[in-house]
$ cat coords.txt   # compact mmCIF, C-alpha atoms and all ligand atoms
# COMPACT_ATOMS: atom_id res chain seq x y z
CA MET P 1 80.69 93.16 104.87
CA ASP P 2 81.61 89.47 104.72
CA THR P 3 85.17 88.42 105.15
CA ILE P 4 87.00 85.14 105.05
CA ASN P 5 89.10 84.81 108.15
CA ILE P 6 92.42 83.96 106.52
CA PRO P 7 95.72 85.77 107.14
CA VAL P 8 97.08 87.61 104.13
CA ARG P 9 100.70 87.93 103.11
CA VAL P 10 101.62 90.67 100.66
CA SER P 11 104.45 89.64 98.35
CA SER P 12 106.80 92.05 96.66
CA PRO P 13 105.45 93.52 93.43
CA ILE P 14 105.97 91.54 90.24
CA GLU P 15 107.42 93.15 87.17
CA ASN P 16 105.35 94.46 84.33
CA PRO P 17 104.14 91.27 82.59
CA VAL P 18 105.65 92.10 79.18
CA TYR P 19 105.32 88.45 78.10
CA ALA P 20 101.54 88.86 78.21
CA PHE P 21 101.34 92.15 76.31
CA ASP P 22 99.38 92.12 73.07
CA PRO P 23 100.58 95.02 70.92
CA GLY P 24 97.49 94.87 68.68
CA ARG P 25 95.05 95.20 71.57
CA LYS P 26 97.39 97.20 73.83
CA GLN P 27 96.23 94.99 76.68
CA TYR P 28 97.62 92.08 78.62
CA TYR P 29 96.51 88.50 78.11
CA SER P 30 94.99 87.52 81.42
CA THR P 31 95.50 83.76 81.13
CA LYS P 32 99.27 84.16 80.61
CA ILE P 33 99.57 86.28 83.74
CA LEU P 34 97.43 83.80 85.65
CA ARG P 35 99.80 81.02 84.57
CA TYR P 36 102.71 83.06 85.94
CA ILE P 37 100.88 83.59 89.24
CA VAL P 38 100.07 79.87 89.44
CA ASN P 39 103.77 79.09 88.99
CA SER P 40 104.79 81.52 91.70
CA HIS P 41 102.24 80.10 94.14
CA ARG P 42 103.90 78.77 97.28
CA ASP P 43 102.54 75.68 98.98
CA SER P 44 102.61 77.46 102.31
CA ALA P 45 99.81 79.67 100.98
CA LEU P 46 96.20 78.63 100.57
CA ARG P 47 95.62 80.86 97.55
CA THR P 48 97.60 83.43 95.56
CA ILE P 49 95.93 86.51 94.12
CA GLY P 50 97.71 88.80 91.68
CA ILE P 51 96.41 92.36 91.66
CA MET P 52 97.27 94.09 88.40
CA SER P 53 97.18 97.74 87.43
CA VAL P 54 97.24 96.89 83.71
CA ASP P 55 94.17 96.26 81.58
CA ILE P 56 93.64 92.55 80.91
CA PHE P 57 91.68 90.49 78.38
CA ILE P 58 90.92 87.00 77.18
CA PRO P 59 90.60 86.54 73.40
CA ILE P 60 86.80 86.22 73.27
CA LEU P 61 86.15 89.33 75.40
CA THR P 62 87.01 93.02 75.14
CA TYR P 63 88.32 92.95 78.69
CA VAL P 64 87.97 91.08 81.97
CA PHE P 65 88.09 92.33 85.56
CA GLY P 66 89.77 89.14 86.64
CA GLU P 67 90.36 85.50 86.02
CA ALA P 68 90.62 82.55 88.36
CA GLN P 69 91.37 78.87 88.34
CA LEU P 70 88.09 77.25 89.27
CA ASP P 71 88.78 75.27 92.42
CA GLY P 72 92.44 76.07 91.95
CA LYS P 73 95.29 77.90 93.63
CA ALA P 74 95.38 81.29 92.00
CA ALA P 75 93.51 84.22 90.53
CA ILE P 76 94.21 87.66 89.16
CA VAL P 77 92.25 90.88 89.34
CA SER P 78 92.85 94.06 87.36
CA GLY P 79 92.16 97.44 88.87
CA ALA P 80 92.54 99.26 85.54
CA ARG P 81 88.84 99.52 84.72
CA LEU P 82 87.73 99.81 88.34
CA LYS P 83 88.93 103.40 88.58
CA GLN P 84 86.54 106.25 87.94
CA GLU P 85 89.23 108.09 85.98
CA TYR P 86 89.22 105.28 83.42
CA TYR P 87 85.76 106.58 82.43
CA GLY P 88 86.81 110.23 82.53
CA LEU P 89 85.29 110.71 85.97
CA LYS P 90 86.69 112.21 89.17
CA PRO P 91 88.96 109.76 91.05
CA ASP P 92 87.24 108.05 93.98
CA LYS P 93 89.64 105.93 95.98
CA HIS P 94 86.96 104.59 98.30
CA LEU P 95 84.81 103.38 95.39
CA TYR P 96 87.87 101.95 93.68
CA LEU P 97 88.84 99.93 96.76
CA GLU P 98 85.28 98.76 97.23
CA ARG P 99 85.16 97.48 93.64
CA LEU P 100 88.58 95.89 93.98
CA PHE P 101 87.52 94.15 97.18
CA LYS P 102 84.38 92.75 95.51
CA GLU P 103 86.32 91.47 92.53
CA VAL P 104 88.97 89.90 94.75
CA MET P 105 86.24 88.15 96.77
CA HIS P 106 84.57 87.05 93.51
CA GLU P 107 87.75 85.54 92.06
CA LEU P 108 88.68 84.02 95.41
CA GLY P 109 85.21 82.46 95.40
CA HIS P 110 86.04 80.81 92.07
CA THR P 111 89.29 79.42 93.48
CA PHE P 112 87.19 77.82 96.23
CA GLY P 113 85.02 76.19 93.56
CA LEU P 114 82.12 78.65 93.52
CA THR P 115 80.42 79.41 90.21
CA HIS P 116 78.36 82.40 89.10
CA CYS P 117 75.19 83.41 90.88
CA GLU P 118 71.87 84.66 89.60
CA LEU P 119 71.17 86.66 92.74
CA GLN P 120 71.66 90.39 92.40
CA HIS P 121 73.30 90.95 95.77
CA CYS P 122 75.70 88.00 95.70
CA VAL P 123 79.36 88.80 95.10
CA MET P 124 79.49 85.73 92.82
CA ARG P 125 77.21 87.45 90.32
CA LEU P 126 79.02 88.04 87.04
CA SER P 127 79.66 91.74 86.43
CA ASN P 128 80.31 92.86 82.87
CA ASN P 129 80.86 96.48 83.84
CA VAL P 130 81.45 98.65 86.89
CA ALA P 131 77.74 99.45 87.19
CA GLY P 132 77.23 95.72 87.71
CA ILE P 133 79.95 95.63 90.36
CA ASP P 134 78.40 98.61 92.14
CA LYS P 135 74.99 96.91 92.16
CA LYS P 136 76.16 93.74 93.89
CA THR P 137 77.39 93.59 97.47
CA ALA P 138 80.70 92.23 98.74
CA ASN P 139 78.81 89.39 100.42
CA PHE P 140 78.14 85.83 99.40
CA CYS P 141 74.50 84.72 99.20
CA GLU P 142 73.41 82.09 101.69
CA ASN P 143 74.07 79.17 99.33
CA HIS P 144 77.47 80.37 98.27
CA ARG P 145 78.46 81.20 101.82
CA GLU P 146 77.57 77.69 102.85
CA GLN P 147 79.53 76.16 99.96
CA LEU P 148 82.49 78.35 100.85
CA LEU P 149 82.44 77.35 104.51
CA ILE P 150 82.29 73.66 103.58
CA LYS P 151 85.28 74.13 101.28
CA LEU P 152 87.24 76.05 103.92
CA LYS P 153 86.48 73.33 106.45
CA GLU P 154 87.87 70.70 104.04
CA LEU P 155 91.00 72.77 103.51
CA GLU P 156 91.43 73.31 107.22
CA ILE P 157 91.40 69.54 107.72
CA GLN P 158 93.83 69.14 104.85
CA TYR P 159 96.14 71.78 106.25
CA GLY P 160 95.83 70.37 109.75
CA GLU P 161 95.13 73.65 111.50
ZN ZN U 1 83.38 85.12 87.70
ZN ZN U 2 75.40 83.40 95.24
$ encode --input "coords.txt" --output "structure tokens"
Amino acid sequence: MDTINIPVRVSSPIENPVYAFDPGRKQYYSTKILRYIVNSHRDSALRTIGIMSVDIFIPILTYVFGEAQLDGKAAIVSGARLKQEYYGLKPDKHLYLERLFKEVMHELGHTFGLTHCELQHCVMRLSNNVAGIDKKTANFCENHREQLLIKLKELEIQYGE
């Protein structure tokens, strides 16, 4: 499994994002939560990822697994539809964490400027459902990996590490 060698700091949980709740859809508006996460981003951090347990959407779609600022500071990922029990199946923590990891890597990829990939195995492939997530790997394809490393190199210079 690919990883990006960056230390991670876990912040204290944020409150239920009531401001983003849509009573008609009974879901949370992803972009509003993302805006909140962007505002809480600290300059000492390279990127900020919000991991949500609530189901999120953007107006044109029934749901999204996550949303990111392309080449930006922040992203969010929702675990709501990554759980087997959401589909009436037996809970599978391992599978859940695997899906969550892939979606976090995917959204992080967007924050580093990566766009969607046509390749089946690449983590930057767009997944519309969990079957799609399960089909791709947690790895970046060769091209995307290269783009990512270039971007990280630039940031390293910028951050003077
Ligand atoms: Zn995407
Ligand atoms: Zn790719």
$ closest_residue --input "coords.txt" --among "P:Arg81, P:His121, P:Lys151, P:His41" --to "Ser53 (chain P)" --atoms "all atoms listed in the file"
P:Arg81
$ atom_distance --input "coords.txt" --atom1 "CA of Gln69 (chain P)" --atom2 "CA of Thr111 (chain P)"
5.6 Å
$ axis_aligned_box --input "coords.txt" --around "region 32-50 of chain P" --padding-each-side "8 Å" --output "AutoDock Vina command-line options"
--center_x 100.2 --center_y 82.2 --center_z 91.5 --size_x 25.2 --size_y 29.1 --size_z 37.7
$ closest_residue --input "coords.txt" --among "P:Phe101, P:Tyr36, P:Tyr87, P:Phe65" --to "ligand ZN 1 (chain U)" --atoms "all atoms listed in the file"
P:Phe65
$ closest_residue --input "coords.txt" --among "P:Tyr63, P:Lys73, P:Tyr96, P:Ala68" --to "Asn129 (chain P)" --atoms "only C-alpha atoms"
P:Tyr63
$ closest_atom_pairs --input "coords.txt" --of "chain P" --to "ligand ZN 1 (chain U)" --cutoff "12 Å" --atoms "only C-alpha atoms and all ligand atoms" --output "CSV"
residue,atom,partner,partner_atom,distance
P:Val64,CA,U:ZN1,ZN,9.5
P:Phe65,CA,U:ZN1,ZN,8.9
P:Gly66,CA,U:ZN1,ZN,7.6
P:Glu67,CA,U:ZN1,ZN,7.2
P:Ala68,CA,U:ZN1,ZN,7.7
P:Gln69,CA,U:ZN1,ZN,10.2
P:Leu70,CA,U:ZN1,ZN,9.3
P:Ala75,CA,U:ZN1,ZN,10.6
P:Ile76,CA,U:ZN1,ZN,11.2
P:Val77,CA,U:ZN1,ZN,10.7
P:Lys102,CA,U:ZN1,ZN,11.0
P:Glu103,CA,U:ZN1,ZN,8.5
P:Val104,CA,U:ZN1,ZN,10.2
P:Met105,CA,U:ZN1,ZN,10.0
P:His106,CA,U:ZN1,ZN,6.2
P:Glu107,CA,U:ZN1,ZN,6.2
P:Leu108,CA,U:ZN1,ZN,9.4
P:Gly109,CA,U:ZN1,ZN,8.3
P:His110,CA,U:ZN1,ZN,6.7
P:Thr111,CA,U:ZN1,ZN,10.0
P:Phe112,CA,U:ZN1,ZN,11.9
P:Gly113,CA,U:ZN1,ZN,10.8
P:Leu114,CA,U:ZN1,ZN,8.8
P:Thr115,CA,U:ZN1,ZN,6.9
P:His116,CA,U:ZN1,ZN,5.9
P:Cys117,CA,U:ZN1,ZN,9.0
P:Glu118,CA,U:ZN1,ZN,11.7
P:Cys122,CA,U:ZN1,ZN,11.5
P:Val123,CA,U:ZN1,ZN,9.2
P:Met124,CA,U:ZN1,ZN,6.5
P:Arg125,CA,U:ZN1,ZN,7.1
P:Leu126,CA,U:ZN1,ZN,5.3
P:Ser127,CA,U:ZN1,ZN,7.7
P:Asn128,CA,U:ZN1,ZN,9.6
P:Ile133,CA,U:ZN1,ZN,11.4
$ closest_residue --input "coords.txt" --among "P:Asn139, P:Ser78, P:Thr62, P:Thr48" --to "Arg9 (chain P)" --atoms "all atoms listed in the file"
P:Thr48
$ build_atoms --input "coords.txt" --residues "region 46-77 of chain P" --atoms "N, CA and C atoms" --output "PDB file, in the coordinates of the input"
ATOM      1  N   LEU P  46      97.447  79.284 100.966  1.00  0.00           N
ATOM      2  CA  LEU P  46      96.200  78.630 100.570  1.00  0.00           C
ATOM      3  C   LEU P  46      95.858  79.028  99.130  1.00  0.00           C
ATOM      4  N   ARG P  47      95.935  80.324  98.873  1.00  0.00           N
ATOM      5  CA  ARG P  47      95.620  80.860  97.550  1.00  0.00           C
ATOM      6  C   ARG P  47      96.576  82.019  97.239  1.00  0.00           C
ATOM      7  N   THR P  48      96.800  82.278  95.963  1.00  0.00           N
ATOM      8  CA  THR P  48      97.600  83.430  95.560  1.00  0.00           C
ATOM      9  C   THR P  48      96.766  84.300  94.619  1.00  0.00           C
ATOM     10  N   ILE P  49      96.688  85.581  94.954  1.00  0.00           N
ATOM     11  CA  ILE P  49      95.930  86.510  94.120  1.00  0.00           C
ATOM     12  C   ILE P  49      96.889  87.569  93.580  1.00  0.00           C
ATOM     13  N   GLY P  50      96.902  87.748  92.284  1.00  0.00           N
ATOM     14  CA  GLY P  50      97.710  88.800  91.680  1.00  0.00           C
ATOM     15  C   GLY P  50      96.827  89.999  91.384  1.00  0.00           C
ATOM     16  N   ILE P  51      97.200  91.155  91.933  1.00  0.00           N
ATOM     17  CA  ILE P  51      96.410  92.360  91.660  1.00  0.00           C
ATOM     18  C   ILE P  51      97.187  93.219  90.663  1.00  0.00           C
ATOM     19  N   MET P  52      96.587  93.420  89.498  1.00  0.00           N
ATOM     20  CA  MET P  52      97.270  94.090  88.400  1.00  0.00           C
ATOM     21  C   MET P  52      96.763  95.515  88.247  1.00  0.00           C
ATOM     22  N   SER P  53      97.648  96.387  87.763  1.00  0.00           N
ATOM     23  CA  SER P  53      97.180  97.740  87.430  1.00  0.00           C
ATOM     24  C   SER P  53      96.923  97.837  85.930  1.00  0.00           C
ATOM     25  N   VAL P  54      97.423  96.848  85.165  1.00  0.00           N
ATOM     26  CA  VAL P  54      97.240  96.890  83.710  1.00  0.00           C
ATOM     27  C   VAL P  54      95.894  96.311  83.305  1.00  0.00           C
ATOM     28  N   ASP P  55      95.442  96.717  82.124  1.00  0.00           N
ATOM     29  CA  ASP P  55      94.170  96.260  81.580  1.00  0.00           C
ATOM     30  C   ASP P  55      94.357  94.858  80.995  1.00  0.00           C
ATOM     31  N   ILE P  56      93.472  93.937  81.338  1.00  0.00           N
ATOM     32  CA  ILE P  56      93.640  92.550  80.910  1.00  0.00           C
ATOM     33  C   ILE P  56      92.469  92.054  80.059  1.00  0.00           C
ATOM     34  N   PHE P  57      92.723  91.039  79.266  1.00  0.00           N
ATOM     35  CA  PHE P  57      91.680  90.490  78.380  1.00  0.00           C
ATOM     36  C   PHE P  57      91.852  88.985  78.236  1.00  0.00           C
ATOM     37  N   ILE P  58      90.791  88.342  77.747  1.00  0.00           N
ATOM     38  CA  ILE P  58      90.920  87.000  77.180  1.00  0.00           C
ATOM     39  C   ILE P  58      90.404  87.146  75.748  1.00  0.00           C
ATOM     40  N   PRO P  59      90.888  86.317  74.815  1.00  0.00           N
ATOM     41  CA  PRO P  59      90.600  86.540  73.400  1.00  0.00           C
ATOM     42  C   PRO P  59      89.130  86.762  73.026  1.00  0.00           C
ATOM     43  N   ILE P  60      88.197  86.078  73.676  1.00  0.00           N
ATOM     44  CA  ILE P  60      86.800  86.220  73.270  1.00  0.00           C
ATOM     45  C   ILE P  60      86.119  87.454  73.859  1.00  0.00           C
ATOM     46  N   LEU P  61      86.782  88.166  74.760  1.00  0.00           N
ATOM     47  CA  LEU P  61      86.150  89.330  75.400  1.00  0.00           C
ATOM     48  C   LEU P  61      86.993  90.591  75.228  1.00  0.00           C
ATOM     49  N   THR P  62      86.326  91.735  75.251  1.00  0.00           N
ATOM     50  CA  THR P  62      87.010  93.020  75.140  1.00  0.00           C
ATOM     51  C   THR P  62      87.953  93.239  76.321  1.00  0.00           C
ATOM     52  N   TYR P  63      87.495  92.831  77.491  1.00  0.00           N
ATOM     53  CA  TYR P  63      88.320  92.950  78.690  1.00  0.00           C
ATOM     54  C   TYR P  63      87.742  92.016  79.753  1.00  0.00           C
ATOM     55  N   VAL P  64      88.505  91.771  80.783  1.00  0.00           N
ATOM     56  CA  VAL P  64      87.970  91.080  81.970  1.00  0.00           C
ATOM     57  C   VAL P  64      88.443  91.839  83.210  1.00  0.00           C
ATOM     58  N   PHE P  65      87.682  91.734  84.278  1.00  0.00           N
ATOM     59  CA  PHE P  65      88.090  92.330  85.560  1.00  0.00           C
ATOM     60  C   PHE P  65      89.032  91.386  86.288  1.00  0.00           C
ATOM     61  N   GLY P  66      88.922  90.111  85.964  1.00  0.00           N
ATOM     62  CA  GLY P  66      89.770  89.140  86.640  1.00  0.00           C
ATOM     63  C   GLY P  66      89.616  87.772  86.024  1.00  0.00           C
ATOM     64  N   GLU P  67      90.447  86.878  86.479  1.00  0.00           N
ATOM     65  CA  GLU P  67      90.360  85.500  86.020  1.00  0.00           C
ATOM     66  C   GLU P  67      90.859  84.604  87.146  1.00  0.00           C
ATOM     67  N   ALA P  68      90.231  83.445  87.289  1.00  0.00           N
ATOM     68  CA  ALA P  68      90.620  82.550  88.360  1.00  0.00           C
ATOM     69  C   ALA P  68      90.667  81.120  87.871  1.00  0.00           C
ATOM     70  N   GLN P  69      91.432  80.309  88.547  1.00  0.00           N
ATOM     71  CA  GLN P  69      91.370  78.870  88.340  1.00  0.00           C
ATOM     72  C   GLN P  69      90.203  78.373  89.163  1.00  0.00           C
ATOM     73  N   LEU P  70      89.231  77.763  88.520  1.00  0.00           N
ATOM     74  CA  LEU P  70      88.090  77.250  89.270  1.00  0.00           C
ATOM     75  C   LEU P  70      88.575  76.106  90.159  1.00  0.00           C
ATOM     76  N   ASP P  71      88.327  76.247  91.442  1.00  0.00           N
ATOM     77  CA  ASP P  71      88.780  75.270  92.420  1.00  0.00           C
ATOM     78  C   ASP P  71      90.300  75.058  92.321  1.00  0.00           C
ATOM     79  N   GLY P  72      90.994  76.148  92.131  1.00  0.00           N
ATOM     80  CA  GLY P  72      92.440  76.070  91.950  1.00  0.00           C
ATOM     81  C   GLY P  72      93.183  76.910  92.984  1.00  0.00           C
ATOM     82  N   LYS P  73      94.419  77.245  92.654  1.00  0.00           N
ATOM     83  CA  LYS P  73      95.290  77.900  93.630  1.00  0.00           C
ATOM     84  C   LYS P  73      95.359  79.406  93.462  1.00  0.00           C
ATOM     85  N   ALA P  74      95.048  79.893  92.250  1.00  0.00           N
ATOM     86  CA  ALA P  74      95.380  81.290  92.000  1.00  0.00           C
ATOM     87  C   ALA P  74      94.337  82.031  91.176  1.00  0.00           C
ATOM     88  N   ALA P  75      94.412  83.351  91.283  1.00  0.00           N
ATOM     89  CA  ALA P  75      93.510  84.220  90.530  1.00  0.00           C
ATOM     90  C   ALA P  75      94.212  85.549  90.294  1.00  0.00           C
ATOM     91  N   ILE P  76      93.724  86.292  89.319  1.00  0.00           N
ATOM     92  CA  ILE P  76      94.210  87.660  89.160  1.00  0.00           C
ATOM     93  C   ILE P  76      93.021  88.609  89.037  1.00  0.00           C
ATOM     94  N   VAL P  77      93.261  89.837  89.440  1.00  0.00           N
ATOM     95  CA  VAL P  77      92.250  90.880  89.340  1.00  0.00           C
ATOM     96  C   VAL P  77      92.952  92.120  88.786  1.00  0.00           C
TER      97      VAL P  77
END
